[in-house]
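Below: query_13.cif (mmCIF, N, CA and C atoms)
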```
data_structure
#
loop_
_atom_site.label_atom_id
_atom_site.label_comp_id
_atom_site.auth_asym_id
_atom_site.auth_seq_id
_atom_site.Cartn_x
_atom_site.Cartn_y
_atom_site.Cartn_z
N MET A 1 -14.59 106.13 54.31
CA MET A 1 -13.22 105.70 54.13
C MET A 1 -12.32 106.93 54.10
N ASN A 2 -11.25 106.87 54.83
CA ASN A 2 -10.24 107.92 54.76
C ASN A 2 -9.51 107.80 53.43
N VAL A 3 -9.15 108.95 52.87
CA VAL A 3 -8.42 108.96 51.61
C VAL A 3 -6.95 108.63 51.90
N PRO A 4 -6.45 107.52 51.34
CA PRO A 4 -5.05 107.16 51.60
C PRO A 4 -4.08 108.14 50.96
N SER A 5 -3.10 108.59 51.74
CA SER A 5 -2.11 109.54 51.21
C SER A 5 -1.32 108.92 50.06
N GLN A 6 -1.15 107.60 50.09
CA GLN A 6 -0.42 106.91 49.01
C GLN A 6 -1.15 107.07 47.67
N LEU A 7 -2.49 107.07 47.69
CA LEU A 7 -3.26 107.27 46.45
C LEU A 7 -3.06 108.69 45.94
N VAL A 8 -3.14 109.68 46.83
CA VAL A 8 -2.92 111.08 46.43
C VAL A 8 -1.52 111.23 45.83
N GLU A 9 -0.54 110.61 46.47
CA GLU A 9 0.85 110.71 46.01
C GLU A 9 1.04 110.10 44.62
N VAL A 10 0.48 108.92 44.39
CA VAL A 10 0.67 108.26 43.09
C VAL A 10 -0.05 109.05 41.98
N ILE A 11 -1.18 109.66 42.28
CA ILE A 11 -1.86 110.51 41.29
C ILE A 11 -1.02 111.76 41.03
N ASP A 12 -0.46 112.35 42.08
CA ASP A 12 0.44 113.50 41.92
C ASP A 12 1.61 113.16 41.02
N ILE A 13 2.22 112.00 41.25
CA ILE A 13 3.37 111.56 40.45
C ILE A 13 2.97 111.44 38.98
N ALA A 14 1.83 110.83 38.72
CA ALA A 14 1.38 110.66 37.33
C ALA A 14 1.09 112.00 36.68
N MET A 15 0.39 112.86 37.41
CA MET A 15 0.02 114.15 36.82
C MET A 15 1.25 115.03 36.56
N ALA A 16 2.22 114.97 37.45
CA ALA A 16 3.44 115.76 37.26
C ALA A 16 4.36 115.13 36.21
N GLY A 17 4.50 113.81 36.26
CA GLY A 17 5.47 113.14 35.40
C GLY A 17 5.02 112.92 33.97
N TYR A 18 3.72 112.80 33.75
CA TYR A 18 3.24 112.44 32.41
C TYR A 18 2.52 113.59 31.69
N ARG A 19 2.21 114.66 32.39
CA ARG A 19 1.47 115.79 31.80
C ARG A 19 2.25 116.49 30.70
N LYS A 20 3.52 116.80 30.96
CA LYS A 20 4.31 117.62 30.03
C LYS A 20 4.35 117.02 28.63
N GLU A 21 4.62 115.73 28.55
CA GLU A 21 4.69 115.07 27.25
C GLU A 21 3.38 114.36 26.89
N ASN A 22 2.38 114.48 27.77
CA ASN A 22 1.07 113.85 27.55
C ASN A 22 1.23 112.35 27.28
N GLU A 23 2.04 111.70 28.11
CA GLU A 23 2.39 110.30 27.92
C GLU A 23 1.33 109.36 28.50
N ALA A 24 1.35 108.14 28.01
CA ALA A 24 0.42 107.12 28.48
C ALA A 24 0.94 106.50 29.78
N PHE A 25 0.03 106.25 30.70
CA PHE A 25 0.36 105.60 31.97
C PHE A 25 -0.88 104.89 32.49
N VAL A 26 -0.66 103.98 33.42
CA VAL A 26 -1.76 103.29 34.10
C VAL A 26 -1.42 103.26 35.59
N ILE A 27 -2.38 103.64 36.41
CA ILE A 27 -2.28 103.44 37.85
C ILE A 27 -3.28 102.34 38.17
N SER A 28 -2.79 101.23 38.68
CA SER A 28 -3.68 100.13 39.08
C SER A 28 -4.00 100.28 40.56
N ILE A 29 -5.28 100.10 40.88
CA ILE A 29 -5.74 100.17 42.27
C ILE A 29 -6.16 98.76 42.67
N PHE A 30 -5.48 98.24 43.68
CA PHE A 30 -5.71 96.87 44.14
C PHE A 30 -6.37 96.87 45.51
N HIS A 31 -7.25 95.90 45.72
CA HIS A 31 -7.81 95.62 47.05
C HIS A 31 -7.54 94.15 47.33
N LYS A 32 -6.76 93.90 48.36
CA LYS A 32 -6.37 92.53 48.71
C LYS A 32 -5.82 91.80 47.50
N GLU A 33 -4.92 92.44 46.78
CA GLU A 33 -4.22 91.90 45.62
C GLU A 33 -5.08 91.71 44.37
N GLU A 34 -6.35 92.08 44.42
CA GLU A 34 -7.22 92.01 43.23
C GLU A 34 -7.32 93.41 42.62
N GLU A 35 -7.00 93.51 41.33
CA GLU A 35 -7.10 94.81 40.67
C GLU A 35 -8.57 95.19 40.56
N MET A 36 -8.90 96.38 41.08
CA MET A 36 -10.28 96.84 41.10
C MET A 36 -10.54 97.91 40.04
N LEU A 37 -9.61 98.86 39.91
CA LEU A 37 -9.79 100.02 39.05
C LEU A 37 -8.46 100.41 38.43
N GLN A 38 -8.54 101.24 37.39
CA GLN A 38 -7.34 101.80 36.79
C GLN A 38 -7.57 103.28 36.51
N ILE A 39 -6.52 104.06 36.70
CA ILE A 39 -6.52 105.46 36.31
C ILE A 39 -5.61 105.55 35.09
N ILE A 40 -6.09 106.22 34.04
CA ILE A 40 -5.29 106.34 32.81
C ILE A 40 -5.32 107.78 32.30
N ASN A 41 -4.38 108.09 31.41
CA ASN A 41 -4.43 109.34 30.65
C ASN A 41 -5.66 109.25 29.76
N ARG A 42 -6.52 110.25 29.81
CA ARG A 42 -7.78 110.18 29.05
C ARG A 42 -7.56 110.02 27.55
N ASN A 43 -6.40 110.43 27.07
CA ASN A 43 -6.12 110.32 25.64
C ASN A 43 -5.79 108.90 25.20
N MET A 44 -5.74 107.97 26.16
CA MET A 44 -5.53 106.55 25.84
C MET A 44 -6.83 105.88 25.41
N ALA A 45 -7.96 106.52 25.68
CA ALA A 45 -9.27 105.95 25.35
C ALA A 45 -9.98 106.86 24.36
N GLU A 46 -10.31 106.31 23.22
CA GLU A 46 -10.96 107.10 22.16
C GLU A 46 -12.24 107.78 22.67
N GLU A 47 -12.96 107.11 23.56
CA GLU A 47 -14.25 107.62 24.06
C GLU A 47 -14.12 108.91 24.86
N CYS A 48 -12.96 109.16 25.44
CA CYS A 48 -12.83 110.36 26.29
C CYS A 48 -11.64 111.24 25.94
N LYS A 49 -11.09 111.04 24.75
CA LYS A 49 -9.98 111.89 24.29
C LYS A 49 -10.43 113.34 24.23
N ALA A 50 -9.52 114.24 24.61
CA ALA A 50 -9.80 115.67 24.48
C ALA A 50 -9.67 116.06 23.01
N GLU A 51 -10.57 116.90 22.53
CA GLU A 51 -10.51 117.32 21.13
C GLU A 51 -9.18 117.98 20.80
N ASN A 52 -8.67 118.75 21.76
CA ASN A 52 -7.40 119.44 21.54
C ASN A 52 -6.21 118.62 22.04
N GLY A 53 -6.47 117.41 22.54
CA GLY A 53 -5.42 116.53 23.00
C GLY A 53 -4.86 116.85 24.37
N ASP A 54 -5.51 117.77 25.10
CA ASP A 54 -5.03 118.15 26.43
C ASP A 54 -4.99 116.95 27.37
N PHE A 55 -4.02 116.98 28.26
CA PHE A 55 -3.84 115.94 29.27
C PHE A 55 -5.01 115.96 30.26
N GLY A 56 -5.39 114.81 30.70
CA GLY A 56 -6.40 114.65 31.74
C GLY A 56 -6.39 113.21 32.19
N ILE A 57 -7.05 112.95 33.30
CA ILE A 57 -7.09 111.57 33.80
C ILE A 57 -8.53 111.09 33.93
N VAL A 58 -8.70 109.78 33.71
CA VAL A 58 -10.01 109.15 33.86
C VAL A 58 -9.83 107.85 34.65
N LEU A 59 -10.90 107.47 35.31
CA LEU A 59 -10.94 106.21 36.03
C LEU A 59 -11.61 105.19 35.14
N SER A 60 -10.94 104.08 34.91
CA SER A 60 -11.49 102.98 34.12
C SER A 60 -12.13 101.99 35.09
N VAL A 61 -13.44 101.79 34.91
CA VAL A 61 -14.19 100.90 35.79
C VAL A 61 -14.77 99.78 34.94
N CYS A 62 -14.41 98.53 35.25
CA CYS A 62 -14.86 97.37 34.48
C CYS A 62 -15.56 96.37 35.39
N PHE A 63 -16.62 95.78 34.87
CA PHE A 63 -17.38 94.78 35.61
C PHE A 63 -17.54 93.53 34.77
N ASP A 64 -17.34 92.36 35.37
CA ASP A 64 -17.75 91.10 34.77
C ASP A 64 -19.24 91.02 35.03
N VAL A 65 -20.05 91.05 33.99
CA VAL A 65 -21.50 91.17 34.13
C VAL A 65 -22.08 90.07 35.01
N LYS A 66 -21.56 88.85 34.91
CA LYS A 66 -22.09 87.74 35.72
C LYS A 66 -21.55 87.77 37.15
N GLU A 67 -20.23 87.89 37.29
CA GLU A 67 -19.60 87.80 38.60
C GLU A 67 -19.77 89.07 39.45
N ASP A 68 -19.85 90.22 38.81
CA ASP A 68 -19.93 91.49 39.53
C ASP A 68 -21.32 92.12 39.42
N LYS A 69 -22.34 91.29 39.32
CA LYS A 69 -23.71 91.77 39.09
C LYS A 69 -24.16 92.80 40.12
N ASP A 70 -23.92 92.53 41.40
CA ASP A 70 -24.36 93.45 42.45
C ASP A 70 -23.62 94.79 42.38
N ALA A 71 -22.31 94.74 42.18
CA ALA A 71 -21.52 95.97 42.07
C ALA A 71 -21.94 96.76 40.82
N LEU A 72 -22.17 96.07 39.72
CA LEU A 72 -22.62 96.74 38.50
C LEU A 72 -23.97 97.40 38.73
N ASP A 73 -24.86 96.72 39.43
CA ASP A 73 -26.18 97.27 39.74
C ASP A 73 -26.04 98.54 40.60
N ARG A 74 -25.18 98.49 41.61
CA ARG A 74 -24.96 99.69 42.45
C ARG A 74 -24.37 100.82 41.61
N PHE A 75 -23.46 100.49 40.69
CA PHE A 75 -22.86 101.50 39.83
C PHE A 75 -23.91 102.14 38.91
N THR A 76 -24.71 101.31 38.26
CA THR A 76 -25.68 101.83 37.29
C THR A 76 -26.81 102.62 37.96
N HIS A 77 -26.98 102.45 39.26
CA HIS A 77 -28.00 103.20 39.99
C HIS A 77 -27.38 104.32 40.85
N SER A 78 -26.20 104.78 40.44
CA SER A 78 -25.52 105.85 41.17
C SER A 78 -25.21 107.00 40.22
N HIS A 79 -24.80 108.11 40.80
CA HIS A 79 -24.41 109.26 39.97
C HIS A 79 -23.14 108.97 39.18
N PHE A 80 -22.36 107.97 39.62
CA PHE A 80 -21.12 107.66 38.90
C PHE A 80 -21.41 107.27 37.45
N LYS A 81 -22.47 106.50 37.22
CA LYS A 81 -22.79 106.06 35.86
C LYS A 81 -23.15 107.26 34.98
N PHE A 82 -23.87 108.22 35.57
CA PHE A 82 -24.30 109.37 34.77
C PHE A 82 -23.15 110.31 34.45
N ASP A 83 -22.09 110.25 35.26
CA ASP A 83 -20.90 111.06 34.99
C ASP A 83 -19.91 110.33 34.09
N SER A 84 -20.18 109.06 33.78
CA SER A 84 -19.25 108.21 33.03
C SER A 84 -19.62 108.11 31.57
N THR A 85 -18.63 107.68 30.79
CA THR A 85 -18.83 107.38 29.38
C THR A 85 -18.66 105.87 29.21
N PRO A 86 -19.65 105.19 28.61
CA PRO A 86 -19.48 103.74 28.38
C PRO A 86 -18.33 103.49 27.40
N ALA A 87 -17.57 102.46 27.66
CA ALA A 87 -16.46 102.09 26.78
C ALA A 87 -17.00 101.37 25.54
N ALA A 88 -16.34 101.60 24.42
CA ALA A 88 -16.77 100.99 23.17
C ALA A 88 -16.63 99.47 23.19
N ASP A 89 -15.72 98.96 24.02
CA ASP A 89 -15.51 97.51 24.04
C ASP A 89 -16.41 96.77 25.02
N SER A 90 -17.40 97.45 25.60
CA SER A 90 -18.37 96.77 26.47
C SER A 90 -19.19 95.79 25.65
N ASP A 91 -19.56 94.68 26.27
CA ASP A 91 -20.42 93.69 25.61
C ASP A 91 -21.27 93.00 26.66
N GLU A 92 -21.87 91.88 26.32
CA GLU A 92 -22.75 91.21 27.28
C GLU A 92 -21.98 90.55 28.43
N GLU A 93 -20.67 90.41 28.30
CA GLU A 93 -19.87 89.79 29.36
C GLU A 93 -19.14 90.81 30.22
N ILE A 94 -18.68 91.89 29.62
CA ILE A 94 -17.90 92.92 30.32
C ILE A 94 -18.55 94.28 30.09
N ALA A 95 -18.80 94.99 31.20
CA ALA A 95 -19.31 96.36 31.13
C ALA A 95 -18.20 97.29 31.61
N SER A 96 -17.80 98.23 30.74
CA SER A 96 -16.69 99.13 31.06
C SER A 96 -17.13 100.58 30.92
N TYR A 97 -16.59 101.41 31.81
CA TYR A 97 -16.93 102.84 31.82
C TYR A 97 -15.68 103.65 32.10
N PHE A 98 -15.69 104.90 31.63
CA PHE A 98 -14.63 105.86 31.92
C PHE A 98 -15.24 107.02 32.69
N LEU A 99 -14.73 107.26 33.89
CA LEU A 99 -15.21 108.34 34.74
C LEU A 99 -14.14 109.43 34.79
N PRO A 100 -14.45 110.63 34.27
CA PRO A 100 -13.46 111.71 34.31
C PRO A 100 -13.12 112.06 35.76
N LEU A 101 -11.85 112.34 36.00
CA LEU A 101 -11.41 112.74 37.32
C LEU A 101 -10.96 114.20 37.30
N ALA A 102 -10.90 114.80 38.47
CA ALA A 102 -10.52 116.20 38.61
C ALA A 102 -9.04 116.39 38.27
N ASP A 103 -8.69 117.62 37.96
CA ASP A 103 -7.29 117.95 37.68
C ASP A 103 -6.60 118.30 39.01
N ASN A 104 -6.98 117.58 40.03
CA ASN A 104 -6.46 117.78 41.38
C ASN A 104 -6.39 116.41 42.03
N SER A 105 -5.23 116.02 42.50
CA SER A 105 -5.06 114.65 43.01
C SER A 105 -5.92 114.36 44.24
N GLU A 106 -6.09 115.34 45.13
CA GLU A 106 -6.90 115.09 46.33
C GLU A 106 -8.37 114.89 45.98
N LYS A 107 -8.90 115.72 45.08
CA LYS A 107 -10.30 115.57 44.66
C LYS A 107 -10.50 114.25 43.93
N SER A 108 -9.55 113.89 43.07
CA SER A 108 -9.64 112.62 42.34
C SER A 108 -9.62 111.44 43.31
N ALA A 109 -8.75 111.50 44.30
CA ALA A 109 -8.66 110.42 45.29
C ALA A 109 -9.96 110.29 46.07
N LYS A 110 -10.59 111.41 46.40
CA LYS A 110 -11.88 111.37 47.13
C LYS A 110 -12.96 110.70 46.28
N ILE A 111 -13.01 111.04 45.00
CA ILE A 111 -13.99 110.43 44.09
C ILE A 111 -13.77 108.92 44.04
N ILE A 112 -12.52 108.50 43.91
CA ILE A 112 -12.20 107.07 43.83
C ILE A 112 -12.61 106.36 45.11
N CYS A 113 -12.32 106.95 46.26
CA CYS A 113 -12.68 106.33 47.53
C CYS A 113 -14.19 106.24 47.71
N LYS A 114 -14.91 107.26 47.26
CA LYS A 114 -16.38 107.21 47.33
C LYS A 114 -16.91 106.08 46.44
N LEU A 115 -16.35 105.94 45.25
CA LEU A 115 -16.78 104.87 44.34
C LEU A 115 -16.46 103.51 44.96
N LEU A 116 -15.26 103.34 45.51
CA LEU A 116 -14.91 102.06 46.14
C LEU A 116 -15.88 101.72 47.27
N GLY A 117 -16.29 102.71 48.03
CA GLY A 117 -17.21 102.48 49.13
C GLY A 117 -18.63 102.18 48.67
N LYS A 118 -19.16 102.99 47.76
CA LYS A 118 -20.55 102.85 47.33
C LYS A 118 -20.78 101.69 46.38
N VAL A 119 -19.85 101.46 45.47
CA VAL A 119 -20.05 100.44 44.45
C VAL A 119 -19.49 99.08 44.87
N PHE A 120 -18.28 99.09 45.42
CA PHE A 120 -17.62 97.83 45.77
C PHE A 120 -17.69 97.50 47.26
N LEU A 121 -18.34 98.39 48.04
CA LEU A 121 -18.55 98.20 49.47
C LEU A 121 -17.25 98.04 50.25
N ILE A 122 -16.19 98.71 49.79
CA ILE A 122 -14.91 98.71 50.49
C ILE A 122 -14.92 99.91 51.43
N LYS A 123 -14.92 99.65 52.72
CA LYS A 123 -15.08 100.72 53.71
C LYS A 123 -13.77 101.18 54.33
N SER A 124 -12.69 100.45 54.10
CA SER A 124 -11.41 100.77 54.72
C SER A 124 -10.32 100.79 53.66
N SER A 125 -9.38 101.70 53.83
CA SER A 125 -8.26 101.77 52.89
C SER A 125 -7.12 100.84 53.31
N GLN A 126 -7.35 100.07 54.36
CA GLN A 126 -6.31 99.22 54.93
C GLN A 126 -5.69 98.25 53.92
N HIS A 127 -6.49 97.66 53.03
CA HIS A 127 -6.00 96.64 52.11
C HIS A 127 -5.84 97.17 50.68
N LEU A 128 -5.74 98.48 50.53
CA LEU A 128 -5.58 99.07 49.20
C LEU A 128 -4.10 99.25 48.87
N ASP A 129 -3.75 98.98 47.62
CA ASP A 129 -2.40 99.20 47.11
C ASP A 129 -2.51 99.87 45.75
N PHE A 130 -1.45 100.57 45.37
CA PHE A 130 -1.46 101.34 44.13
C PHE A 130 -0.12 101.17 43.42
N GLU A 131 -0.18 100.94 42.12
CA GLU A 131 1.05 100.80 41.32
C GLU A 131 0.88 101.62 40.05
N ILE A 132 1.96 102.26 39.64
CA ILE A 132 1.93 103.07 38.43
C ILE A 132 2.86 102.44 37.39
N TYR A 133 2.40 102.45 36.15
CA TYR A 133 3.15 101.86 35.04
C TYR A 133 3.17 102.84 33.88
N GLU A 134 4.31 102.92 33.20
CA GLU A 134 4.38 103.63 31.94
C GLU A 134 3.96 102.66 30.87
N THR A 135 3.16 103.09 29.92
CA THR A 135 2.68 102.19 28.88
C THR A 135 2.89 102.79 27.50
N GLU A 136 2.67 101.97 26.52
CA GLU A 136 2.69 102.40 25.12
C GLU A 136 1.26 102.36 24.61
N ILE A 137 0.91 103.34 23.81
CA ILE A 137 -0.45 103.36 23.25
C ILE A 137 -0.48 102.53 21.99
#
```

How does this structure look as structure tokens?
Amino acid sequence: MNVPSQLVEVIDIAMAGYRKENEAFVISIFHKEEEMLQIINRNMAEECKAENGDFGIVLSVCFDVKEDKDALDRFTHSHFKFDSTPAADSDEEIASYFLPLADNSEKSAKIICKLLGKVFLIKSSQHLDFEIYETEI
């Protein structure tokens, strides 16, 4: 999958706009109008907060254990799982993970596209959309 320039741009916007004040934000990644993934400020999740509170971004990956069984299986048998931190709110119905992303929008976008391809079997960026939201913690 080619890395969509729109994904690189929205990550750039978040990193530039929210880094200075270390503010909370969410970038939603949609495929055919279905939200697939979210990028958040790592300090929004207790599991991956920086000890010194430094800004960083993580990819939030959630699976419905019953409905997304195949995708979850591909995720758990990939290097993505080993690089991820399980979310504290995971249970028998929802499996959630936080995957740290690079402090570089192009590298982060490549990681996301690889995950979309290997885990969710999305081979084209044609139906991908991205939205950024400011949030409150």

Result set, the PyMOL selection byres ((chain A and resi 56) around 6.5) on current file, as an NGL selection string
:A and (40-43 or 54-55 or 57-58)

Next, the residues of the selection above should be written as a short mmCIF file (atom, residue, chain, number, x, y, z; two decimals), in the coordinates of the input with N, CA and C atoms.
```
data_model
loop_
_atom_site.label_atom_id
_atom_site.label_comp_id
_atom_site.auth_asym_id
_atom_site.auth_seq_id
_atom_site.Cartn_x
_atom_site.Cartn_y
_atom_site.Cartn_z
N ILE A 40 -6.09 106.22 34.04
CA ILE A 40 -5.29 106.34 32.81
C ILE A 40 -5.32 107.78 32.30
N ASN A 41 -4.38 108.09 31.41
CA ASN A 41 -4.43 109.34 30.65
C ASN A 41 -5.66 109.25 29.76
N ARG A 42 -6.52 110.25 29.81
CA ARG A 42 -7.78 110.18 29.05
C ARG A 42 -7.56 110.02 27.55
N ASN A 43 -6.40 110.43 27.07
CA ASN A 43 -6.12 110.32 25.64
C ASN A 43 -5.79 108.90 25.20
N ASP A 54 -5.51 117.77 25.10
CA ASP A 54 -5.03 118.15 26.43
C ASP A 54 -4.99 116.95 27.37
N PHE A 55 -4.02 116.98 28.26
CA PHE A 55 -3.84 115.94 29.27
C PHE A 55 -5.01 115.96 30.26
N ILE A 57 -7.05 112.95 33.30
CA ILE A 57 -7.09 111.57 33.80
C ILE A 57 -8.53 111.09 33.93
N VAL A 58 -8.70 109.78 33.71
CA VAL A 58 -10.01 109.15 33.86
C VAL A 58 -9.83 107.85 34.65
#
```

(Q) Suppose a student applies the PyMOL selection byres ((chain A and resi 135) around 6) to this structure; what residues should they get, written as a ChimeraX atom specification? (A) /A:24-26,133-134,136-137

Could you spell out the hits of the PyMOL selection byres ((chain A and resi 67-73) around 8) on the shown file, as a list of chain:residue names?
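This file gives the following for the PyMOL selection byres ((chain A and resi 67-73) around 8): A:Cys62, A:Phe63, A:Asp64, A:Val65, A:Lys66, A:Arg74, A:Phe75, A:Thr76, A:His77, A:Ser78, A:Glu93, A:Lys118, A:Val119, A:Phe120, A:Leu121.
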
- Query: Per DSSP on the backbone, what are the strand (DSSP E) residues of segment 6-137 of chain A, as a count of residues only?
  - Reply: 39

#### Entry: Long-range neighbours of Gln6 of chain A as a ChimeraX atom specification, 12 Å cut-off, only C-alpha atoms, 4 positions minimum in chain
/A:2,10-13,27,29,105-106,109,125-126,128-132

One residue among A:Ser60, A:Met15, A:Lys114, A:His79 is nearest to Phe98 of chain A when using all atoms listed in the file, and that residue is A:Ser60

task = Determine which residues of segment 7-120 of chain A receive a DSSP assignment of helix (DSSP H, G or I), computed from the backbone, and state them as a ChimeraX atom specification.
result = /A:7-19,42-44,46-48,69-76,79-83,105-120

Centre and size of axis-aligned box enclosing segment 15-28 of chain A plus 5 Å each side, as JSON:
```
{"center_x": 0.7, "center_y": 108.9, "center_z": 33.7, "size_x": 19.5, "size_y": 27.5, "size_z": 23.7}
```

Missing atoms in segment 106-118 of chain A: can you complete it with N, CA, C and O atoms, as a compact mmCIF listing (two decimals), in the coordinates of the input?
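Written file, out05.txt:
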```
# COMPACT_ATOMS: atom_id res chain seq x y z
N GLU A 106 -6.09 115.34 45.13
CA GLU A 106 -6.90 115.09 46.33
C GLU A 106 -8.37 114.89 45.98
O GLU A 106 -9.03 113.99 46.51
N LYS A 107 -8.90 115.72 45.08
CA LYS A 107 -10.30 115.57 44.66
C LYS A 107 -10.50 114.25 43.93
O LYS A 107 -11.50 113.56 44.14
N SER A 108 -9.55 113.89 43.07
CA SER A 108 -9.64 112.62 42.34
C SER A 108 -9.62 111.44 43.31
O SER A 108 -10.40 110.50 43.17
N ALA A 109 -8.75 111.50 44.30
CA ALA A 109 -8.66 110.42 45.29
C ALA A 109 -9.96 110.29 46.07
O ALA A 109 -10.41 109.17 46.36
N LYS A 110 -10.59 111.41 46.40
CA LYS A 110 -11.88 111.37 47.13
C LYS A 110 -12.96 110.70 46.28
O LYS A 110 -13.74 109.90 46.78
N ILE A 111 -13.01 111.04 45.00
CA ILE A 111 -13.99 110.43 44.09
C ILE A 111 -13.77 108.92 44.04
O ILE A 111 -14.73 108.14 44.12
N ILE A 112 -12.52 108.50 43.91
CA ILE A 112 -12.20 107.07 43.83
C ILE A 112 -12.61 106.36 45.11
O ILE A 112 -13.22 105.29 45.07
N CYS A 113 -12.32 106.95 46.26
CA CYS A 113 -12.68 106.33 47.53
C CYS A 113 -14.19 106.24 47.71
O CYS A 113 -14.70 105.24 48.21
N LYS A 114 -14.91 107.26 47.26
CA LYS A 114 -16.38 107.21 47.33
C LYS A 114 -16.91 106.08 46.44
O LYS A 114 -17.81 105.34 46.83
N LEU A 115 -16.35 105.94 45.25
CA LEU A 115 -16.78 104.87 44.34
C LEU A 115 -16.46 103.51 44.96
O LEU A 115 -17.31 102.61 44.93
N LEU A 116 -15.26 103.34 45.51
CA LEU A 116 -14.91 102.06 46.14
C LEU A 116 -15.88 101.72 47.27
O LEU A 116 -16.27 100.56 47.43
N GLY A 117 -16.29 102.71 48.03
CA GLY A 117 -17.21 102.48 49.13
C GLY A 117 -18.63 102.18 48.67
O GLY A 117 -19.25 101.21 49.11
N LYS A 118 -19.16 102.99 47.76
CA LYS A 118 -20.55 102.85 47.33
C LYS A 118 -20.78 101.69 46.38
O LYS A 118 -21.80 101.02 46.44
```
